[in-house]
$ cat start27.cif   # mmCIF, C-alpha atoms
data_query
loop_
_atom_site.group_PDB
_atom_site.id
_atom_site.type_symbol
_atom_site.label_atom_id
_atom_site.label_comp_id
_atom_site.auth_asym_id
_atom_site.auth_seq_id
_atom_site.Cartn_x
_atom_site.Cartn_y
_atom_site.Cartn_z
ATOM 1 C CA MET A 1 0.000 0.000 0.000
ATOM 2 C CA TRP A 2 1.073 3.603 -0.585
ATOM 3 C CA ILE A 3 1.263 4.388 3.140
ATOM 4 C CA PHE A 4 3.974 1.761 3.627
ATOM 5 C CA ARG A 5 5.934 3.188 0.710
ATOM 6 C CA VAL A 6 5.759 6.638 2.300
ATOM 7 C CA LEU A 7 6.911 5.249 5.649
ATOM 8 C CA TYR A 8 9.925 3.396 4.304
ATOM 9 C CA ALA A 9 10.811 6.407 2.121
ATOM 10 C CA ILE A 10 10.845 8.579 5.246
ATOM 11 C CA PHE A 11 12.873 5.936 7.071
ATOM 12 C CA ILE A 12 15.487 5.808 4.293
ATOM 13 C CA MET A 13 15.746 9.598 4.152
ATOM 14 C CA VAL A 14 16.135 9.891 7.939
ATOM 15 C CA ALA A 15 18.749 7.122 7.924
ATOM 16 C CA PHE A 16 20.857 8.954 5.320
ATOM 17 C CA VAL A 17 20.544 12.266 7.148
ATOM 18 C CA LEU A 18 21.589 10.733 10.482
ATOM 19 C CA ALA A 19 24.461 8.835 8.874
ATOM 20 C CA ARG A 20 25.801 11.770 6.855
ATOM 21 C CA ASP A 21 28.772 12.234 9.168
ATOM 22 C CA THR A 22 29.698 8.575 8.847
ATOM 23 C CA LEU A 23 29.320 8.776 5.085
ATOM 24 C CA GLY A 24 31.248 12.038 4.979
ATOM 25 C CA ILE A 25 28.603 14.003 3.097
ATOM 26 C CA GLU A 26 26.600 17.176 3.665
ATOM 27 C CA MET A 27 22.857 17.463 4.245
ATOM 28 C CA LEU A 28 21.899 18.099 0.602
ATOM 29 C CA PRO A 29 23.884 15.156 -0.828
ATOM 30 C CA ALA A 30 22.439 12.946 1.920
ATOM 31 C CA ILE A 31 18.911 13.868 0.850
ATOM 32 C CA LEU A 32 19.783 13.345 -2.819
ATOM 33 C CA TYR A 33 21.302 9.937 -2.106
ATOM 34 C CA SER A 34 18.246 8.911 -0.101
ATOM 35 C CA LEU A 35 16.000 9.953 -2.980
ATOM 36 C CA GLY A 36 18.150 7.882 -5.321
ATOM 37 C CA VAL A 37 17.711 4.823 -3.114
ATOM 38 C CA ILE A 38 13.952 5.401 -2.900
ATOM 39 C CA PHE A 39 13.631 5.712 -6.677
ATOM 40 C CA ALA A 40 15.769 2.596 -7.122
ATOM 41 C CA ILE A 41 13.456 0.610 -4.828
ATOM 42 C CA VAL A 42 10.364 1.858 -6.652
ATOM 43 C CA PHE A 43 12.011 0.978 -9.956
ATOM 44 C CA ILE A 44 12.780 -2.560 -8.795
ATOM 45 C CA GLU A 45 9.226 -3.004 -7.452
ATOM 46 C CA THR A 46 7.874 -1.966 -10.839
ATOM 47 C CA LEU A 47 10.115 -4.470 -12.566
ATOM 48 C CA VAL A 48 9.015 -7.258 -10.265
ATOM 49 C CA ALA A 49 5.352 -6.437 -10.879
ATOM 50 C CA ASP A 50 5.648 -6.276 -14.658
ATOM 51 C CA ILE A 51 8.094 -9.002 -15.624
ATOM 52 C CA LYS A 52 8.005 -12.753 -15.599
ATOM 53 C CA SER A 53 9.664 -14.671 -12.781
ATOM 54 C CA TYR A 54 12.538 -15.918 -14.912
ATOM 55 C CA LYS A 55 13.341 -12.329 -15.947
ATOM 56 C CA PHE A 56 13.352 -11.259 -12.328
ATOM 57 C CA PHE A 57 15.646 -14.148 -11.433
ATOM 58 C CA ALA A 58 17.966 -13.288 -14.322
ATOM 59 C CA GLY A 59 18.011 -9.661 -13.194
ATOM 60 C CA ALA A 60 18.839 -10.737 -9.641
ATOM 61 C CA VAL A 61 21.725 -12.901 -10.865
ATOM 62 C CA GLY A 62 23.006 -10.002 -12.964
ATOM 63 C CA ALA A 63 22.740 -7.631 -10.005
ATOM 64 C CA ILE A 64 24.762 -9.953 -7.758
ATOM 65 C CA LEU A 65 27.476 -10.468 -10.370
ATOM 66 C CA PHE A 66 27.795 -6.759 -11.084
ATOM 67 C CA LEU A 67 27.859 -5.916 -7.379
ATOM 68 C CA VAL A 68 30.798 -8.299 -7.021
ATOM 69 C CA ILE A 69 32.462 -6.543 -9.955
ATOM 70 C CA GLY A 70 31.708 -3.146 -8.394
ATOM 71 C CA TYR A 71 33.157 -4.232 -5.071
ATOM 72 C CA SER A 72 36.282 -5.479 -6.836
ATOM 73 C CA ILE A 73 36.668 -2.168 -8.670
ATOM 74 C CA ALA A 74 36.241 -0.212 -5.441
ATOM 75 C CA SER A 75 38.828 -2.405 -3.718
ATOM 76 C CA ILE A 76 41.383 -2.219 -6.536
ATOM 77 C CA PHE A 77 41.002 1.528 -6.941
ATOM 78 C CA ASP A 78 40.562 2.167 -3.253
ATOM 79 C CA ALA A 79 42.377 5.489 -3.479
ATOM 80 C CA TYR A 80 39.639 6.855 -5.730
ATOM 81 C CA PHE A 81 36.755 5.498 -3.648
ATOM 82 C CA LYS A 82 37.693 6.548 -0.130
ATOM 83 C CA ASN A 83 34.557 8.674 -0.022
ATOM 84 C CA GLU A 84 31.719 6.406 1.121
ATOM 85 C CA ALA A 85 29.155 8.355 -0.873
ATOM 86 C CA LEU A 86 31.121 7.810 -4.084
ATOM 87 C CA ARG A 87 31.473 4.120 -3.272
ATOM 88 C CA LEU A 88 27.724 3.911 -2.627
ATOM 89 C CA ALA A 89 27.023 5.630 -5.929
ATOM 90 C CA LEU A 90 29.234 3.074 -7.689
ATOM 91 C CA TYR A 91 27.305 0.219 -6.104
ATOM 92 C CA PHE A 92 23.964 1.642 -7.209
ATOM 93 C CA PHE A 93 25.312 2.177 -10.709
ATOM 94 C CA VAL A 94 26.562 -1.398 -11.089
ATOM 95 C CA LEU A 95 23.342 -2.663 -9.497
ATOM 96 C CA TYR A 96 21.342 -0.889 -12.186
ATOM 97 C CA LEU A 97 23.626 -2.238 -14.916
ATOM 98 C CA GLY A 98 23.408 -5.743 -13.476
ATOM 99 C CA VAL A 99 19.609 -5.818 -13.382
ATOM 100 C CA ASN A 100 19.300 -4.547 -16.952
ATOM 101 C CA THR A 101 22.025 -6.786 -18.331
ATOM 102 C CA GLY A 102 20.585 -9.832 -16.591
ATOM 103 C CA GLN A 103 17.142 -9.178 -18.036
ATOM 104 C CA LYS A 104 18.513 -8.690 -21.543
ATOM 105 C CA PHE A 105 20.099 -12.129 -21.380
ATOM 106 C CA SER A 106 17.136 -13.740 -19.618
ATOM 107 C CA TRP A 107 16.335 -15.683 -22.795
ATOM 108 C CA ILE A 108 19.300 -17.940 -21.994
ATOM 109 C CA LEU A 109 17.817 -18.777 -18.604
ATOM 110 C CA GLU A 110 14.354 -19.165 -20.107
ATOM 111 C CA GLY A 111 15.631 -21.632 -22.704
ATOM 112 C CA ALA A 112 17.516 -23.664 -20.111
ATOM 113 C CA LEU A 113 14.492 -23.829 -17.812
ATOM 114 C CA SER A 114 12.197 -24.770 -20.705
ATOM 115 C CA LYS A 115 14.444 -27.675 -21.677
ATOM 116 C CA LEU A 116 14.675 -28.784 -18.069
ATOM 117 C CA MET A 117 10.914 -28.644 -17.557
ATOM 118 C CA ALA A 118 10.276 -30.426 -20.852
ATOM 119 C CA LYS A 119 12.155 -33.449 -19.537
ATOM 120 C CA GLN A 120 9.901 -33.681 -16.502
ATOM 121 C CA PRO A 121 6.544 -35.466 -16.918
ATOM 122 C CA LYS A 122 3.712 -33.044 -16.264
ATOM 123 C CA PHE A 123 0.617 -34.156 -14.436
ATOM 124 C CA ILE A 124 -2.386 -31.974 -13.847
ATOM 125 C CA LYS A 125 -3.598 -32.044 -10.251
ATOM 126 C CA PHE A 126 -7.296 -32.796 -10.095
ATOM 127 C CA SER A 127 -9.709 -32.105 -7.240
ATOM 128 C CA ALA A 128 -11.319 -35.544 -7.752
ATOM 129 C CA SER A 129 -10.039 -38.756 -9.316
ATOM 130 C CA PRO A 130 -9.031 -38.113 -12.940
ATOM 131 C CA LYS A 131 -10.867 -40.044 -15.626
ATOM 132 C CA ILE A 132 -8.854 -41.901 -18.269
ATOM 133 C CA LEU A 133 -10.599 -42.196 -21.633
ATOM 134 C CA ASP A 134 -9.980 -45.169 -23.888
ATOM 135 C CA THR A 135 -10.322 -45.368 -27.661
ATOM 136 C CA SER A 136 -13.848 -46.798 -27.572
ATOM 137 C CA THR A 137 -15.064 -43.847 -25.495
ATOM 138 C CA LEU A 138 -13.735 -41.299 -27.971
ATOM 139 C CA ILE A 139 -15.150 -43.188 -30.949
ATOM 140 C CA ASP A 140 -18.519 -43.603 -29.217
ATOM 141 C CA GLY A 141 -19.068 -39.850 -29.368
ATOM 142 C CA ARG A 142 -21.280 -39.393 -26.320
ATOM 143 C CA MET A 143 -18.486 -38.383 -23.956
ATOM 144 C CA ALA A 144 -18.433 -34.756 -25.079
ATOM 145 C CA ASP A 145 -22.163 -34.431 -24.383
ATOM 146 C CA ILE A 146 -21.772 -36.079 -20.970
ATOM 147 C CA VAL A 147 -18.995 -33.640 -20.056
ATOM 148 C CA ASP A 148 -21.209 -30.731 -21.093
ATOM 149 C CA THR A 149 -23.771 -31.808 -18.480
ATOM 150 C CA GLY A 150 -21.241 -31.198 -15.688
ATOM 151 C CA LEU A 151 -21.715 -34.682 -14.206
ATOM 152 C CA ILE A 152 -18.056 -35.658 -14.616
ATOM 153 C CA GLU A 153 -15.490 -34.368 -12.113
ATOM 154 C CA GLY A 154 -11.754 -34.603 -11.709
ATOM 155 C CA GLY A 155 -10.503 -33.891 -15.200
ATOM 156 C CA LEU A 156 -9.875 -36.051 -18.247
ATOM 157 C CA VAL A 157 -6.711 -37.921 -19.203
ATOM 158 C CA ILE A 158 -6.055 -39.129 -22.741
ATOM 159 C CA PRO A 159 -2.913 -41.289 -22.999
ATOM 160 C CA THR A 160 -0.702 -40.895 -26.059
ATOM 161 C CA PHE A 161 -0.959 -44.622 -26.785
ATOM 162 C CA VAL A 162 -4.734 -44.159 -27.087
ATOM 163 C CA LEU A 163 -4.146 -41.249 -29.472
ATOM 164 C CA LYS A 164 -1.860 -43.432 -31.595
ATOM 165 C CA GLU A 165 -4.467 -46.172 -31.732
ATOM 166 C CA LEU A 166 -7.133 -43.630 -32.665
ATOM 167 C CA GLN A 167 -4.894 -42.162 -35.371
ATOM 168 C CA ASN A 168 -4.272 -45.622 -36.817
ATOM 169 C CA ILE A 169 -8.026 -46.195 -37.001
ATOM 170 C CA ALA A 170 -8.527 -42.800 -38.672
ATOM 171 C CA ASP A 171 -5.862 -43.722 -41.261
ATOM 172 C CA SER A 172 -7.404 -47.126 -41.964
ATOM 173 C CA HIS A 173 -8.168 -48.174 -45.540
ATOM 174 C CA ASP A 174 -11.540 -49.466 -44.372
ATOM 175 C CA HIS A 175 -14.118 -46.709 -44.833
ATOM 176 C CA LEU A 176 -16.138 -47.525 -41.705
ATOM 177 C CA ARG A 177 -13.072 -47.710 -39.452
ATOM 178 C CA ARG A 178 -11.749 -44.489 -40.942
ATOM 179 C CA GLN A 179 -15.037 -42.716 -40.203
ATOM 180 C CA LYS A 180 -14.996 -43.979 -36.616
ATOM 181 C CA GLY A 181 -11.427 -42.795 -36.139
ATOM 182 C CA ARG A 182 -12.198 -39.345 -37.471
ATOM 183 C CA ARG A 183 -15.255 -39.097 -35.254
ATOM 184 C CA GLY A 184 -13.038 -39.956 -32.296
ATOM 185 C CA LEU A 185 -10.609 -37.190 -33.236
ATOM 186 C CA ASP A 186 -13.511 -34.742 -33.547
ATOM 187 C CA VAL A 187 -14.750 -35.728 -30.089
ATOM 188 C CA LEU A 188 -11.246 -35.223 -28.696
ATOM 189 C CA GLN A 189 -11.163 -31.732 -30.190
ATOM 190 C CA ARG A 190 -14.518 -30.928 -28.584
ATOM 191 C CA LEU A 191 -13.246 -32.124 -25.226
ATOM 192 C CA GLN A 192 -10.151 -29.940 -25.505
ATOM 193 C CA GLU A 193 -12.244 -26.899 -26.413
ATOM 194 C CA GLN A 194 -14.670 -27.240 -23.483
ATOM 195 C CA THR A 195 -13.882 -25.347 -20.282
ATOM 196 C CA LEU A 196 -15.658 -27.392 -17.602
ATOM 197 C CA LEU A 197 -12.849 -29.929 -17.125
ATOM 198 C CA PRO A 198 -9.091 -29.838 -17.671
ATOM 199 C CA VAL A 199 -7.847 -32.247 -20.344
ATOM 200 C CA GLU A 200 -4.374 -33.774 -20.113
ATOM 201 C CA ILE A 201 -2.556 -35.580 -22.901
ATOM 202 C CA ASN A 202 -0.486 -37.998 -20.839
ATOM 203 C CA ASN A 203 2.838 -39.178 -22.277
ATOM 204 C CA SER A 204 3.286 -42.117 -19.932
ATOM 205 C CA ASP A 205 4.018 -45.382 -21.684
ATOM 206 C CA PHE A 206 4.619 -48.905 -20.487
ATOM 207 C CA PRO A 207 6.987 -50.655 -22.924
ATOM 208 C CA ASP A 208 6.807 -53.925 -21.005
ATOM 209 C CA VAL A 209 3.003 -54.023 -21.279
ATOM 210 C CA ALA A 210 1.681 -55.589 -24.456
ATOM 211 C CA THR A 211 -1.922 -54.467 -24.985
ATOM 212 C CA VAL A 212 -3.592 -51.074 -24.813
ATOM 213 C CA ASP A 213 -6.101 -52.348 -22.248
ATOM 214 C CA GLU A 214 -3.300 -53.438 -19.924
ATOM 215 C CA LYS A 215 -1.572 -50.082 -20.391
ATOM 216 C CA LEU A 216 -4.792 -48.290 -19.449
ATOM 217 C CA VAL A 217 -5.031 -50.318 -16.252
ATOM 218 C CA ALA A 218 -1.357 -49.643 -15.451
ATOM 219 C CA LEU A 219 -1.829 -45.908 -16.018
ATOM 220 C CA ALA A 220 -4.967 -45.882 -13.863
ATOM 221 C CA LYS A 221 -2.980 -47.446 -11.027
ATOM 222 C CA LYS A 222 -0.158 -44.952 -11.497
ATOM 223 C CA LEU A 223 -2.442 -41.900 -11.465
ATOM 224 C CA LYS A 224 -4.985 -43.385 -9.045
ATOM 225 C CA ALA A 225 -7.548 -42.656 -11.727
ATOM 226 C CA ASP A 226 -10.834 -44.108 -12.952
ATOM 227 C CA ILE A 227 -11.419 -45.412 -16.474
ATOM 228 C CA ILE A 228 -14.295 -44.447 -18.760
ATOM 229 C CA THR A 229 -15.026 -46.969 -21.491
ATOM 230 C CA THR A 230 -17.654 -48.738 -23.582
ATOM 231 C CA ASP A 231 -15.429 -51.821 -23.922
ATOM 232 C CA PHE A 232 -16.917 -54.699 -21.917
ATOM 233 C CA ASN A 233 -13.641 -56.654 -21.824
ATOM 234 C CA LEU A 234 -11.669 -53.665 -20.506
ATOM 235 C CA LEU A 235 -14.359 -53.109 -17.899
ATOM 236 C CA LYS A 236 -13.973 -56.657 -16.581
ATOM 237 C CA VAL A 237 -10.151 -56.568 -16.616
ATOM 238 C CA ALA A 238 -10.102 -53.258 -14.741
ATOM 239 C CA GLU A 239 -12.678 -54.343 -12.169
ATOM 240 C CA ILE A 240 -10.666 -57.495 -11.401
ATOM 241 C CA GLN A 241 -7.730 -55.227 -10.516
ATOM 242 C CA ASN A 242 -9.919 -52.951 -8.372
ATOM 243 C CA ILE A 243 -9.926 -50.071 -10.851
ATOM 244 C CA LYS A 244 -13.126 -48.040 -10.811
ATOM 245 C CA VAL A 245 -14.741 -48.057 -14.255
ATOM 246 C CA LEU A 246 -17.584 -45.999 -15.681
ATOM 247 C CA ASN A 247 -19.346 -47.717 -18.563
ATOM 248 C CA ILE A 248 -21.043 -45.157 -20.789
ATOM 249 C CA ASN A 249 -23.565 -47.748 -21.964
ATOM 250 C CA THR A 250 -24.568 -48.466 -18.370
ATOM 251 C CA LEU A 251 -24.847 -44.747 -17.674
ATOM 252 C CA SER A 252 -26.954 -44.268 -20.787
ATOM 253 C CA MET A 253 -29.341 -47.041 -19.780
ATOM 254 C CA ALA A 254 -29.637 -45.651 -16.267
ATOM 255 C CA MET A 255 -30.572 -42.240 -17.659
ATOM 256 C CA ARG A 256 -33.372 -43.552 -19.844
ATOM 257 C CA GLN A 257 -36.943 -42.593 -19.129
ATOM 258 C CA SER A 258 -38.588 -44.868 -16.581
ATOM 259 C CA VAL A 259 -42.019 -46.251 -17.458
ATOM 260 C CA LEU A 260 -44.278 -48.816 -15.804
ATOM 261 C CA PRO A 261 -47.040 -51.053 -17.151
ATOM 262 C CA GLY A 262 -50.275 -49.094 -17.317
ATOM 263 C CA GLU A 263 -48.637 -45.706 -17.926
ATOM 264 C CA GLU A 264 -49.698 -43.570 -20.864
ATOM 265 C CA PHE A 265 -47.615 -41.422 -23.189
ATOM 266 C CA GLU A 266 -47.602 -40.166 -26.753
ATOM 267 C CA ILE A 267 -45.383 -41.724 -29.403
ATOM 268 C CA SER A 268 -44.766 -41.172 -33.112
ATOM 269 C CA VAL A 269 -44.964 -44.399 -35.091
ATOM 270 C CA VAL A 270 -42.136 -44.291 -37.620
ATOM 271 C CA LYS A 271 -41.864 -47.781 -39.117
ATOM 272 C CA GLU A 272 -43.203 -51.326 -39.231
ATOM 273 C CA GLY A 273 -42.421 -53.859 -36.540
ATOM 274 C CA LYS A 274 -41.169 -57.422 -36.962
ATOM 275 C CA GLU A 275 -44.496 -58.992 -36.113
ATOM 276 C CA SER A 276 -47.745 -58.650 -38.007
ATOM 277 C CA ASN A 277 -49.442 -55.257 -37.712
ATOM 278 C CA GLN A 278 -46.812 -53.911 -35.298
ATOM 279 C CA GLY A 279 -45.624 -50.333 -35.466
ATOM 280 C CA VAL A 280 -42.407 -48.999 -33.962
ATOM 281 C CA GLY A 281 -41.512 -45.649 -32.461
ATOM 282 C CA TYR A 282 -38.717 -44.303 -30.262
ATOM 283 C CA LEU A 283 -38.530 -42.237 -27.110
ATOM 284 C CA ASP A 284 -36.208 -39.231 -26.974
ATOM 285 C CA ASP A 285 -33.523 -41.368 -25.300
ATOM 286 C CA GLY A 286 -33.634 -43.933 -28.117
ATOM 287 C CA THR A 287 -35.713 -46.575 -26.341
ATOM 288 C CA MET A 288 -37.702 -48.680 -28.813
ATOM 289 C CA VAL A 289 -41.480 -48.650 -28.385
ATOM 290 C CA VAL A 290 -43.486 -51.414 -30.069
ATOM 291 C CA VAL A 291 -47.101 -50.457 -30.765
ATOM 292 C CA GLU A 292 -49.543 -53.336 -31.150
ATOM 293 C CA ASN A 293 -51.683 -52.917 -34.294
ATOM 294 C CA GLY A 294 -49.720 -49.777 -35.049
ATOM 295 C CA ARG A 295 -48.636 -50.483 -38.622
ATOM 296 C CA ARG A 296 -51.575 -48.527 -40.016
ATOM 297 C CA LEU A 297 -50.567 -45.563 -37.839
ATOM 298 C CA ILE A 298 -47.099 -45.057 -39.360
ATOM 299 C CA GLY A 299 -46.401 -41.344 -39.669
ATOM 300 C CA LYS A 300 -48.851 -40.420 -36.921
ATOM 301 C CA SER A 301 -48.548 -39.573 -33.220
ATOM 302 C CA VAL A 302 -50.800 -41.604 -30.955
ATOM 303 C CA LYS A 303 -51.398 -42.112 -27.253
ATOM 304 C CA VAL A 304 -50.457 -45.563 -26.018
ATOM 305 C CA ASN A 305 -50.684 -47.643 -22.833
ATOM 306 C CA VAL A 306 -47.652 -49.611 -21.640
ATOM 307 C CA THR A 307 -48.389 -53.333 -21.478
ATOM 308 C CA SER A 308 -44.947 -54.796 -20.717
ATOM 309 C CA LEU A 309 -41.194 -54.162 -20.708
ATOM 310 C CA LEU A 310 -38.383 -56.303 -22.074
ATOM 311 C CA GLN A 311 -34.763 -55.774 -20.999
ATOM 312 C CA THR A 312 -32.173 -56.955 -23.533
ATOM 313 C CA GLU A 313 -28.382 -56.685 -23.803
ATOM 314 C CA SER A 314 -28.746 -53.829 -26.266
ATOM 315 C CA GLY A 315 -31.307 -51.959 -24.192
ATOM 316 C CA ARG A 316 -34.951 -51.908 -23.265
ATOM 317 C CA ILE A 317 -38.057 -52.471 -25.377
ATOM 318 C CA ILE A 318 -41.455 -51.101 -24.346
ATOM 319 C CA PHE A 319 -44.572 -52.879 -25.602
ATOM 320 C CA THR A 320 -47.741 -50.822 -25.857
ATOM 321 C CA LYS A 321 -51.303 -50.734 -27.095
ATOM 322 C CA VAL A 322 -53.034 -47.820 -28.740
ATOM 323 C CA LYS A 323 -55.356 -45.959 -26.386
ATOM 324 C CA TYR A 324 -58.749 -45.375 -27.976
#
$ encode --input "start27.cif" --output "structure tokens"
Amino acid sequence: MWIFRVLYAIFIMVAFVLARDTLGIEMLPAILYSLGVIFAIVFIETLVADIKSYKFFAGAVGAILFLVIGYSIASIFDAYFKNEALRLALYFFVLYLGVNTGQKFSWILEGALSKLMAKQPKFIKFSASPKILDTSTLIDGRMADIVDTGLIEGGLVIPTFVLKELQNIADSHDHLRRQKGRRGLDVLQRLQEQTLLPVEINNSDFPDVATVDEKLVALAKKLKADIITTDFNLLKVAEIQNIKVLNINTLSMAMRQSVLPGEEFEISVVKEGKESNQGVGYLDDGTMVVVENGRRLIGKSVKVNVTSLLQTESGRIIFTKVKY
């Protein structure tokens, strides 16, 4: 705060005035020297506030080196610097030169620190357990929408070996695989552009581990992370090793609209069913609704009563009758 600056400015000025006999200077030079020190402090504070930390460090190193040089000069030419005020002026001069010179060559320090930091693996610290995404999750496409809901916490981790696998799929000669790979890359881009969760591209690799699934489990253990997948085999392997796994398919099924026999709702019949006279429609969450005697109602919206539910591996089927 400004009041503290005023107080230490007064303190510095009083100190110079009281020490003028020791320094061998008159009142006016003492005041001028004190003002010089005050301006130097303000100047350094401004530098610290406006420059990056590595520039400040470089300036500090330069200041120390030049002060040593200044002290050496004063010692060698002691006959010319018997006056303490002149010696003090020399020290302030070399201090100024040192700070400026150090900052001008700060790019050397910046480059060295950048190379040093590049060699160190970087891990983002998450408030909750990070979530590792596998290739199937990126290809699936729903992960970006799930993240947008805000239900996922802890940040996302995409290993580089998953990226390589995804890139290989995107470069496949098979049209369908190539489309899946490109969709996965698009989903990854969406995840990186969103701002709700941090996304880390993790460079950890496990050369002694053969398969991608095993590498995912090893990375989850290393980071104490959870895995998000749609791969049933990976889910089982991870669960055996006590790794928490979120299956997007399970989440999707849990989020589907709940209905009970006897309930009524409106459905649009869009196509024929497998059985005679059946019509088929879909809820907003994709659940199939079979309408008894609904073939003649294709293209229309009708009110139906739920008669029964059938749970299958691929999802749930709701059987209904038209309400008249």
$ atom_distance --input "start27.cif" --atom1 "atom CA of Ala220 of chain A" --atom2 "atom CA of Phe161 of chain A"
13.6 Å
$ residues_around --input "start27.cif" --residues "segment 176-189 of chain A" --least-positions-apart "6" --cutoff "12 Å" --atoms "all atoms listed in the file" --output "ChimeraX atom specification"
/A:133-147,156-159,162-170,199-201
$ residues_around --input "start27.cif" --residues "segment 271-275 of chain A" --least-positions-apart "4" --cutoff "6 Å" --atoms "all atoms listed in the file" --output "ChimeraX atom specification"
/A:279-280,295,298
$ atom_distance --input "start27.cif" --atom1 "atom CA of Gly150 of chain A" --atom2 "atom CA of Gln194 of chain A"
10.9 Å
$ closest_residue --input "start27.cif" --among "A:Thr160, A:Ala128, A:Asp213, A:Glu263" --to "Leu197 of chain A" --atoms "only C-alpha atoms"
A:Ala128
$ resolve_selection --input "start27.cif" --expression "the PyMOL selection byres ((chain A and resi 282) around 10)" --output "mmCIF file with C-alpha atoms, in the coordinates of the input"
data_model
loop_
_atom_site.group_PDB
_atom_site.id
_atom_site.type_symbol
_atom_site.label_atom_id
_atom_site.label_comp_id
_atom_site.auth_asym_id
_atom_site.auth_seq_id
_atom_site.Cartn_x
_atom_site.Cartn_y
_atom_site.Cartn_z
ATOM 1 C CA ILE A 267 -45.383 -41.724 -29.403
ATOM 2 C CA SER A 268 -44.766 -41.172 -33.112
ATOM 3 C CA VAL A 269 -44.964 -44.399 -35.091
ATOM 4 C CA VAL A 270 -42.136 -44.291 -37.620
ATOM 5 C CA VAL A 280 -42.407 -48.999 -33.962
ATOM 6 C CA GLY A 281 -41.512 -45.649 -32.461
ATOM 7 C CA LEU A 283 -38.530 -42.237 -27.110
ATOM 8 C CA ASP A 284 -36.208 -39.231 -26.974
ATOM 9 C CA ASP A 285 -33.523 -41.368 -25.300
ATOM 10 C CA GLY A 286 -33.634 -43.933 -28.117
ATOM 11 C CA THR A 287 -35.713 -46.575 -26.341
ATOM 12 C CA MET A 288 -37.702 -48.680 -28.813
ATOM 13 C CA VAL A 289 -41.480 -48.650 -28.385
ATOM 14 C CA VAL A 290 -43.486 -51.414 -30.069
ATOM 15 C CA ILE A 317 -38.057 -52.471 -25.377
ATOM 16 C CA ILE A 318 -41.455 -51.101 -24.346
#
$ atom_distance --input "start27.cif" --atom1 "atom CA of Leu260 of chain A" --atom2 "atom CA of Val306 of chain A"
6.8 Å
$ residues_around --input "start27.cif" --residues "segment 66-69 of chain A" --least-positions-apart "2" --cutoff "10 Å" --atoms "only C-alpha atoms" --output "list in words"
Ala60, Val61, Gly62, Ala63, Ile64, Tyr71, Ser72, Ile73, Ala74, Ser75, Leu90, Tyr91, Phe92, Phe93, Val94, Leu95, Tyr96, Leu97, Gly98, Val99, Thr101 and Gly102 of chain A
$ write_last_selection --input "start27.cif" --atoms "C-alpha atoms" --output "compact mmCIF listing (two decimals), in the coordinates of the input"
# COMPACT_ATOMS: atom_id res chain seq x y z
CA ALA A 60 18.84 -10.74 -9.64
CA VAL A 61 21.72 -12.90 -10.86
CA GLY A 62 23.01 -10.00 -12.96
CA ALA A 63 22.74 -7.63 -10.01
CA ILE A 64 24.76 -9.95 -7.76
CA TYR A 71 33.16 -4.23 -5.07
CA SER A 72 36.28 -5.48 -6.84
CA ILE A 73 36.67 -2.17 -8.67
CA ALA A 74 36.24 -0.21 -5.44
CA SER A 75 38.83 -2.40 -3.72
CA LEU A 90 29.23 3.07 -7.69
CA TYR A 91 27.30 0.22 -6.10
CA PHE A 92 23.96 1.64 -7.21
CA PHE A 93 25.31 2.18 -10.71
CA VAL A 94 26.56 -1.40 -11.09
CA LEU A 95 23.34 -2.66 -9.50
CA TYR A 96 21.34 -0.89 -12.19
CA LEU A 97 23.63 -2.24 -14.92
CA GLY A 98 23.41 -5.74 -13.48
CA VAL A 99 19.61 -5.82 -13.38
CA THR A 101 22.02 -6.79 -18.33
CA GLY A 102 20.58 -9.83 -16.59
$ closest_residue --input "start27.cif" --among "A:Leu191, A:Ala218, A:Gly70, A:Asp21" --to "Ser204 of chain A" --atoms "all atoms listed in the file"
A:Ala218
$ residues_around --input "start27.cif" --residues "segment 233-239 of chain A" --least-positions-apart "5" --cutoff "9 Å" --atoms "all atoms listed in the file" --output "PDB file with C-alpha atoms, in the frame of the given file"
ATOM      1  CA  ASP A 213      -6.101 -52.348 -22.248  1.00  0.00           C
ATOM      2  CA  GLU A 214      -3.300 -53.438 -19.924  1.00  0.00           C
ATOM      3  CA  LEU A 216      -4.792 -48.290 -19.449  1.00  0.00           C
ATOM      4  CA  VAL A 217      -5.031 -50.318 -16.252  1.00  0.00           C
ATOM      5  CA  ILE A 227     -11.419 -45.412 -16.474  1.00  0.00           C
ATOM      6  CA  ILE A 228     -14.295 -44.447 -18.760  1.00  0.00           C
ATOM      7  CA  LYS A 244     -13.126 -48.040 -10.811  1.00  0.00           C
ATOM      8  CA  VAL A 245     -14.741 -48.057 -14.255  1.00  0.00           C
ATOM      9  CA  LEU A 246     -17.584 -45.999 -15.681  1.00  0.00           C
ATOM     10  CA  ASN A 247     -19.346 -47.717 -18.563  1.00  0.00           C
TER      11      ASN A 247
END
$ closest_residue --input "start27.cif" --among "A:His175, A:Arg190, A:Ala19, A:Ala225" --to "Glu153 of chain A" --atoms "all atoms listed in the file"
A:Ala225
$ closest_residue --input "start27.cif" --among "A:Ile132, A:Lys303, A:Ser172, A:Val17" --to "Lys215 of chain A" --atoms "all atoms listed in the file"
A:Ile132
$ closest_residue --input "start27.cif" --among "A:Lys222, A:Arg256, A:Arg20, A:Lys321" --to "Val302 of chain A" --atoms "only C-alpha atoms"
A:Lys321
$ decode --input "start27.cif" --residues "segment 160-169 of chain A" --atoms "C-alpha atoms" --output "JSON list (two decimals), in the first residue's frame"
[["chain", "number", "residue", "atom", "x", "y", "z"],
["A", 160, "THR", "CA", -0.70, -40.90, -26.06],
["A", 161, "PHE", "CA", -0.96, -44.62, -26.79],
["A", 162, "VAL", "CA", -4.73, -44.16, -27.09],
["A", 163, "LEU", "CA", -4.15, -41.25, -29.47],
["A", 164, "LYS", "CA", -1.86, -43.43, -31.59],
["A", 165, "GLU", "CA", -4.47, -46.17, -31.73],
["A", 166, "LEU", "CA", -7.13, -43.63, -32.66],
["A", 167, "GLN", "CA", -4.89, -42.16, -35.37],
["A", 168, "ASN", "CA", -4.27, -45.62, -36.82],
["A", 169, "ILE", "CA", -8.03, -46.20, -37.00]]
